[in-house]
Amino acid sequence: MQGDAAIIELLNEVLTAELTAINQYFVDSKMCANWGYERLAKQFNDESMGEMKDAEHLVERVLYLDGVPNLQRLGQVRVGETVPEKLQLALALEKEAITRLNRGIGQCSETGDNGSRDLLEEILEGEEAHADWLESQLTLIEQVGEAHYLAQQIHD
Amino acid sequence: MYVCSCRAVSDRTIRAEIERGAVDEFDIADRCGAGTHCGSCVDEVRRLCDEIRAQVQGTPVLVGR
(Lines give C-alpha, C1' and ligand atoms only; values in the text may rest on other atoms or scores of the structure.)
Protein backbone atom coordinates (compact mmCIF):
# COMPACT_ATOMS: atom_id res chain seq x y z
CA MET A 1 0.00 0.00 0.00
CA GLN A 2 1.42 3.39 -1.00
CA GLY A 3 2.11 5.34 2.19
CA ASP A 4 2.54 9.04 2.84
CA ALA A 5 6.10 10.15 1.97
CA ALA A 6 6.50 12.16 5.18
CA ILE A 7 5.42 9.15 7.27
CA ILE A 8 7.94 6.92 5.47
CA GLU A 9 10.68 9.46 6.22
CA LEU A 10 9.51 9.61 9.84
CA LEU A 11 9.67 5.81 10.14
CA ASN A 12 13.17 5.87 8.60
CA GLU A 13 14.22 8.57 11.08
CA VAL A 14 13.01 6.37 13.96
CA LEU A 15 14.77 3.40 12.31
CA THR A 16 18.07 5.33 12.19
CA ALA A 17 17.79 5.98 15.93
CA GLU A 18 17.02 2.30 16.60
CA LEU A 19 20.01 1.13 14.54
CA THR A 20 22.23 3.57 16.43
CA ALA A 21 20.88 2.30 19.77
CA ILE A 22 21.43 -1.35 18.74
CA ASN A 23 25.13 -0.62 18.16
CA GLN A 24 25.57 1.56 21.24
CA TYR A 25 23.98 -0.95 23.62
CA PHE A 26 25.78 -3.85 21.93
CA VAL A 27 29.23 -2.33 22.53
CA ASP A 28 28.09 -1.28 26.04
CA SER A 29 27.17 -4.90 26.76
CA LYS A 30 30.48 -6.27 25.50
CA MET A 31 32.51 -3.65 27.41
CA CYS A 32 30.60 -4.40 30.63
CA ALA A 33 31.24 -8.13 30.12
CA ASN A 34 34.93 -7.38 29.57
CA TRP A 35 35.00 -5.41 32.83
CA GLY A 36 33.28 -8.32 34.65
CA TYR A 37 29.89 -6.65 35.17
CA GLU A 38 27.84 -9.62 34.00
CA ARG A 39 24.50 -8.29 35.19
CA LEU A 40 24.83 -5.03 33.28
CA ALA A 41 26.24 -6.89 30.28
CA LYS A 42 23.04 -8.97 30.13
CA GLN A 43 20.84 -5.91 30.60
CA PHE A 44 22.56 -3.95 27.80
CA ASN A 45 22.45 -7.03 25.57
CA ASP A 46 18.70 -7.42 26.16
CA GLU A 47 18.20 -3.73 25.35
CA SER A 48 20.22 -4.07 22.15
CA MET A 49 18.13 -7.07 21.04
CA GLY A 50 14.94 -5.20 22.00
CA GLU A 51 15.92 -2.30 19.77
CA MET A 52 16.59 -4.79 16.98
CA LYS A 53 13.00 -6.10 17.29
CA ASP A 54 11.79 -2.48 17.03
CA ALA A 55 13.98 -2.02 13.94
CA GLU A 56 12.50 -5.19 12.43
CA HIS A 57 8.94 -3.88 12.82
CA LEU A 58 9.91 -0.47 11.41
CA VAL A 59 11.55 -2.05 8.33
CA GLU A 60 8.43 -4.20 7.79
CA ARG A 61 6.17 -1.16 8.13
CA VAL A 62 8.22 0.93 5.65
CA LEU A 63 8.10 -1.94 3.15
CA TYR A 64 4.34 -2.31 3.68
CA LEU A 65 3.98 1.40 2.83
CA ASP A 66 6.03 0.79 -0.36
CA GLY A 67 8.95 2.83 0.91
CA VAL A 68 12.66 2.01 1.00
CA PRO A 69 13.90 1.20 4.52
CA ASN A 70 17.16 3.06 5.14
CA LEU A 71 19.60 0.80 6.99
CA GLN A 72 22.60 2.74 5.75
CA ARG A 73 22.18 5.86 7.85
CA LEU A 74 23.47 5.76 11.43
CA GLY A 75 23.56 8.38 14.17
CA GLN A 76 26.41 9.05 16.57
CA VAL A 77 27.19 5.98 18.67
CA ARG A 78 28.02 7.46 22.10
CA VAL A 79 30.32 5.01 23.84
CA GLY A 80 30.73 5.77 27.53
CA GLU A 81 34.08 4.94 29.11
CA THR A 82 32.67 4.08 32.55
CA VAL A 83 29.45 2.43 33.77
CA PRO A 84 27.88 5.69 35.06
CA GLU A 85 28.78 7.45 31.81
CA LYS A 86 27.22 4.60 29.80
CA LEU A 87 24.02 4.87 31.83
CA GLN A 88 23.92 8.66 31.36
CA LEU A 89 24.50 8.40 27.61
CA ALA A 90 21.85 5.66 27.33
CA LEU A 91 19.38 7.87 29.20
CA ALA A 92 20.16 10.79 26.87
CA LEU A 93 19.51 8.51 23.89
CA GLU A 94 16.20 7.28 25.35
CA LYS A 95 15.01 10.81 26.15
CA GLU A 96 15.69 11.86 22.55
CA ALA A 97 13.81 8.77 21.36
CA ILE A 98 10.79 9.55 23.57
CA THR A 99 10.62 13.12 22.20
CA ARG A 100 10.95 11.86 18.61
CA LEU A 101 8.29 9.16 19.08
CA ASN A 102 5.79 11.52 20.70
CA ARG A 103 6.24 13.94 17.81
CA GLY A 104 5.91 11.05 15.35
CA ILE A 105 2.72 9.74 16.98
CA GLY A 106 1.18 13.20 16.58
CA GLN A 107 2.22 13.28 12.94
CA CYS A 108 0.71 9.82 12.28
CA SER A 109 -2.57 10.88 13.90
CA GLU A 110 -2.72 14.04 11.76
CA THR A 111 -2.06 12.00 8.62
CA GLY A 112 -4.60 9.35 9.62
CA ASP A 113 -2.01 6.53 9.53
CA ASN A 114 -3.18 4.60 12.58
CA GLY A 115 -1.13 1.50 11.83
CA SER A 116 2.11 3.50 12.00
CA ARG A 117 0.81 5.32 15.07
CA ASP A 118 0.15 1.97 16.81
CA LEU A 119 3.68 0.81 16.03
CA LEU A 120 5.28 4.01 17.34
CA GLU A 121 3.13 3.85 20.49
CA GLU A 122 4.31 0.31 21.15
CA ILE A 123 7.96 1.35 20.67
CA LEU A 124 7.40 4.41 22.90
CA GLU A 125 6.20 2.25 25.81
CA GLY A 126 9.40 0.20 25.62
CA GLU A 127 11.62 3.28 25.52
CA GLU A 128 9.79 4.85 28.48
CA ALA A 129 10.30 1.69 30.53
CA HIS A 130 13.98 1.67 29.60
CA ALA A 131 14.42 5.36 30.48
CA ASP A 132 12.73 4.68 33.84
CA TRP A 133 15.15 1.80 34.54
CA LEU A 134 18.14 4.00 33.63
CA GLU A 135 16.95 6.81 35.90
CA SER A 136 16.64 4.28 38.73
CA GLN A 137 20.21 3.08 38.18
CA LEU A 138 21.58 6.64 38.24
CA THR A 139 19.63 7.35 41.45
CA LEU A 140 20.99 4.13 42.98
CA ILE A 141 24.55 5.21 42.15
CA GLU A 142 23.87 8.55 43.87
CA GLN A 143 22.38 6.87 46.93
CA VAL A 144 24.60 3.83 47.53
CA GLY A 145 27.75 5.09 45.85
CA GLU A 146 29.40 3.94 42.62
CA ALA A 147 31.49 1.16 44.24
CA HIS A 148 28.52 -0.44 46.00
CA TYR A 149 26.41 -0.20 42.89
CA LEU A 150 29.12 -1.78 40.74
CA ALA A 151 29.62 -4.59 43.26
CA GLN A 152 26.00 -5.60 42.63
CA GLN A 153 26.61 -5.83 38.88
CA ILE A 154 29.33 -8.48 38.99
CA HIS A 155 26.97 -11.47 39.08
CA ASP A 156 24.04 -11.88 36.76
CA MET B 1 32.98 9.14 25.97
CA TYR B 2 34.71 7.87 22.85
CA VAL B 3 34.08 10.46 20.16
CA CYS B 4 36.22 8.73 17.51
CA SER B 5 36.00 4.94 17.68
CA CYS B 6 38.42 4.45 14.76
CA ARG B 7 41.27 6.14 16.65
CA ALA B 8 39.90 5.58 20.19
CA VAL B 9 39.87 9.30 21.02
CA SER B 10 37.72 10.44 23.94
CA ASP B 11 36.11 13.81 24.63
CA ARG B 12 38.62 14.21 27.49
CA THR B 13 41.53 13.97 25.04
CA ILE B 14 39.94 16.57 22.77
CA ARG B 15 39.38 18.87 25.76
CA ALA B 16 43.02 18.47 26.82
CA GLU B 17 44.25 19.31 23.30
CA ILE B 18 42.11 22.44 23.18
CA GLU B 19 43.48 23.48 26.56
CA ARG B 20 46.94 23.09 24.97
CA GLY B 21 45.98 25.39 22.11
CA ALA B 22 44.19 23.32 19.47
CA VAL B 23 41.46 25.35 17.79
CA ASP B 24 39.47 23.26 15.35
CA GLU B 25 38.85 19.76 13.97
CA PHE B 26 41.94 20.04 11.77
CA ASP B 27 44.21 20.67 14.77
CA ILE B 28 42.54 17.75 16.59
CA ALA B 29 43.13 15.50 13.56
CA ASP B 30 46.83 16.49 13.47
CA ARG B 31 47.33 16.06 17.21
CA CYS B 32 45.44 12.85 18.03
CA GLY B 33 44.06 11.48 14.78
CA ALA B 34 40.36 11.87 15.63
CA GLY B 35 38.25 12.02 12.48
CA THR B 36 41.01 10.87 10.14
CA HIS B 37 39.75 7.38 9.32
CA CYS B 38 36.06 6.90 8.48
CA GLY B 39 35.26 10.58 9.09
CA SER B 40 31.81 10.00 10.62
CA CYS B 41 32.72 11.83 13.84
CA VAL B 42 34.08 15.02 12.23
CA ASP B 43 30.86 17.00 12.74
CA GLU B 44 30.83 16.00 16.41
CA VAL B 45 34.54 16.87 16.80
CA ARG B 46 33.87 20.30 15.27
CA ARG B 47 30.88 20.86 17.57
CA LEU B 48 32.93 19.80 20.60
CA CYS B 49 35.81 22.11 19.60
CA ASP B 50 33.44 25.08 19.46
CA GLU B 51 31.81 24.13 22.75
CA ILE B 52 35.01 23.42 24.69
CA ARG B 53 36.89 26.41 23.27
CA ALA B 54 34.07 28.69 24.38
CA GLN B 55 34.24 27.13 27.85
CA VAL B 56 37.97 26.94 28.48
CA GLN B 57 39.22 30.04 26.74
CA GLY B 58 36.18 32.25 26.71
CA THR B 59 37.04 32.64 23.02
CA PRO B 60 34.17 33.61 20.74
CA VAL B 61 32.97 30.69 18.62
CA LEU B 62 34.18 30.96 15.01
CA VAL B 63 31.34 31.55 12.59
CA GLY B 64 30.87 31.17 8.87
CA ARG B 65 32.57 27.78 8.52
# chains A, B, ... in the order shown; residues from 1 in each chain; ligands from 1
call {"tool": "interface_residues", "arguments": {"of": "chain A", "to": "chain B", "cutoff": "12 Å", "atoms": "only C-alpha atoms", "output": "number ranges by chain"}}
result
A: 24, 27-28, 73-90
call {"tool": "select_by_dssp", "arguments": {"residues": "stretch 29-62 of chain B", "states": "alpha helix (DSSP H)", "output": "PDB file with N, CA and C atoms, in the first residue's frame"}}
result
ATOM      1  N   ALA B  29      42.719  16.600  14.448  1.00  0.00           N
ATOM      2  CA  ALA B  29      43.132  15.505  13.556  1.00  0.00           C
ATOM      3  C   ALA B  29      44.656  15.371  13.565  1.00  0.00           C
ATOM      4  N   ASP B  30      45.358  16.510  13.475  1.00  0.00           N
ATOM      5  CA  ASP B  30      46.825  16.485  13.469  1.00  0.00           C
ATOM      6  C   ASP B  30      47.380  15.945  14.782  1.00  0.00           C
ATOM      7  N   ARG B  31      46.753  16.358  15.890  1.00  0.00           N
ATOM      8  CA  ARG B  31      47.326  16.057  17.208  1.00  0.00           C
ATOM      9  C   ARG B  31      47.000  14.664  17.715  1.00  0.00           C
ATOM     10  N   CYS B  32      45.773  14.173  17.470  1.00  0.00           N
ATOM     11  CA  CYS B  32      45.444  12.854  18.030  1.00  0.00           C
ATOM     12  C   CYS B  32      44.753  11.928  17.040  1.00  0.00           C
ATOM     13  N   VAL B  42      33.507  13.679  12.422  1.00  0.00           N
ATOM     14  CA  VAL B  42      34.081  15.023  12.226  1.00  0.00           C
ATOM     15  C   VAL B  42      33.121  16.133  12.657  1.00  0.00           C
ATOM     16  N   ASP B  43      31.834  15.977  12.329  1.00  0.00           N
ATOM     17  CA  ASP B  43      30.859  17.001  12.742  1.00  0.00           C
ATOM     18  C   ASP B  43      30.831  17.137  14.257  1.00  0.00           C
ATOM     19  N   GLU B  44      30.869  15.986  14.947  1.00  0.00           N
ATOM     20  CA  GLU B  44      30.828  16.001  16.408  1.00  0.00           C
ATOM     21  C   GLU B  44      32.123  16.597  16.976  1.00  0.00           C
ATOM     22  N   VAL B  45      33.264  16.294  16.352  1.00  0.00           N
ATOM     23  CA  VAL B  45      34.539  16.870  16.801  1.00  0.00           C
ATOM     24  C   VAL B  45      34.498  18.396  16.645  1.00  0.00           C
ATOM     25  N   ARG B  46      33.965  18.861  15.518  1.00  0.00           N
ATOM     26  CA  ARG B  46      33.870  20.303  15.267  1.00  0.00           C
ATOM     27  C   ARG B  46      32.962  20.954  16.317  1.00  0.00           C
ATOM     28  N   ARG B  47      31.825  20.309  16.584  1.00  0.00           N
ATOM     29  CA  ARG B  47      30.879  20.861  17.572  1.00  0.00           C
ATOM     30  C   ARG B  47      31.536  20.931  18.956  1.00  0.00           C
ATOM     31  N   LEU B  48      32.254  19.853  19.305  1.00  0.00           N
ATOM     32  CA  LEU B  48      32.933  19.801  20.596  1.00  0.00           C
ATOM     33  C   LEU B  48      34.006  20.879  20.701  1.00  0.00           C
ATOM     34  N   CYS B  49      34.754  21.080  19.609  1.00  0.00           N
ATOM     35  CA  CYS B  49      35.807  22.107  19.597  1.00  0.00           C
ATOM     36  C   CYS B  49      35.200  23.466  19.915  1.00  0.00           C
ATOM     37  N   ASP B  50      34.093  23.784  19.231  1.00  0.00           N
ATOM     38  CA  ASP B  50      33.438  25.082  19.465  1.00  0.00           C
ATOM     39  C   ASP B  50      32.984  25.193  20.918  1.00  0.00           C
ATOM     40  N   GLU B  51      32.365  24.115  21.398  1.00  0.00           N
ATOM     41  CA  GLU B  51      31.806  24.130  22.754  1.00  0.00           C
ATOM     42  C   GLU B  51      32.908  24.261  23.805  1.00  0.00           C
ATOM     43  N   ILE B  52      33.950  23.438  23.672  1.00  0.00           N
ATOM     44  CA  ILE B  52      35.006  23.421  24.690  1.00  0.00           C
ATOM     45  C   ILE B  52      35.823  24.710  24.630  1.00  0.00           C
ATOM     46  N   ARG B  53      36.095  25.190  23.406  1.00  0.00           N
ATOM     47  CA  ARG B  53      36.886  26.415  23.274  1.00  0.00           C
ATOM     48  C   ARG B  53      36.163  27.581  23.940  1.00  0.00           C
ATOM     49  N   ALA B  54      34.855  27.625  23.747  1.00  0.00           N
ATOM     50  CA  ALA B  54      34.067  28.693  24.377  1.00  0.00           C
ATOM     51  C   ALA B  54      34.152  28.575  25.898  1.00  0.00           C
ATOM     52  N   GLN B  55      34.184  27.342  26.399  1.00  0.00           N
ATOM     53  CA  GLN B  55      34.241  27.131  27.850  1.00  0.00           C
ATOM     54  C   GLN B  55      35.611  27.444  28.430  1.00  0.00           C
ATOM     55  N   VAL B  56      36.664  26.860  27.832  1.00  0.00           N
ATOM     56  CA  VAL B  56      37.975  26.938  28.477  1.00  0.00           C
ATOM     57  C   VAL B  56      38.718  28.231  28.200  1.00  0.00           C
ATOM     58  N   GLN B  57      38.455  28.837  27.065  1.00  0.00           N
ATOM     59  CA  GLN B  57      39.220  30.037  26.744  1.00  0.00           C
ATOM     60  C   GLN B  57      38.375  31.294  26.751  1.00  0.00           C
TER      61      GLN B  57
END
call {"tool": "select_by_dssp", "arguments": {"residues": "chain B", "states": "strand (DSSP E)", "output": "list in words"}}
result
Tyr2, Val3, Cys4, Val9 and Ser10 of chain B
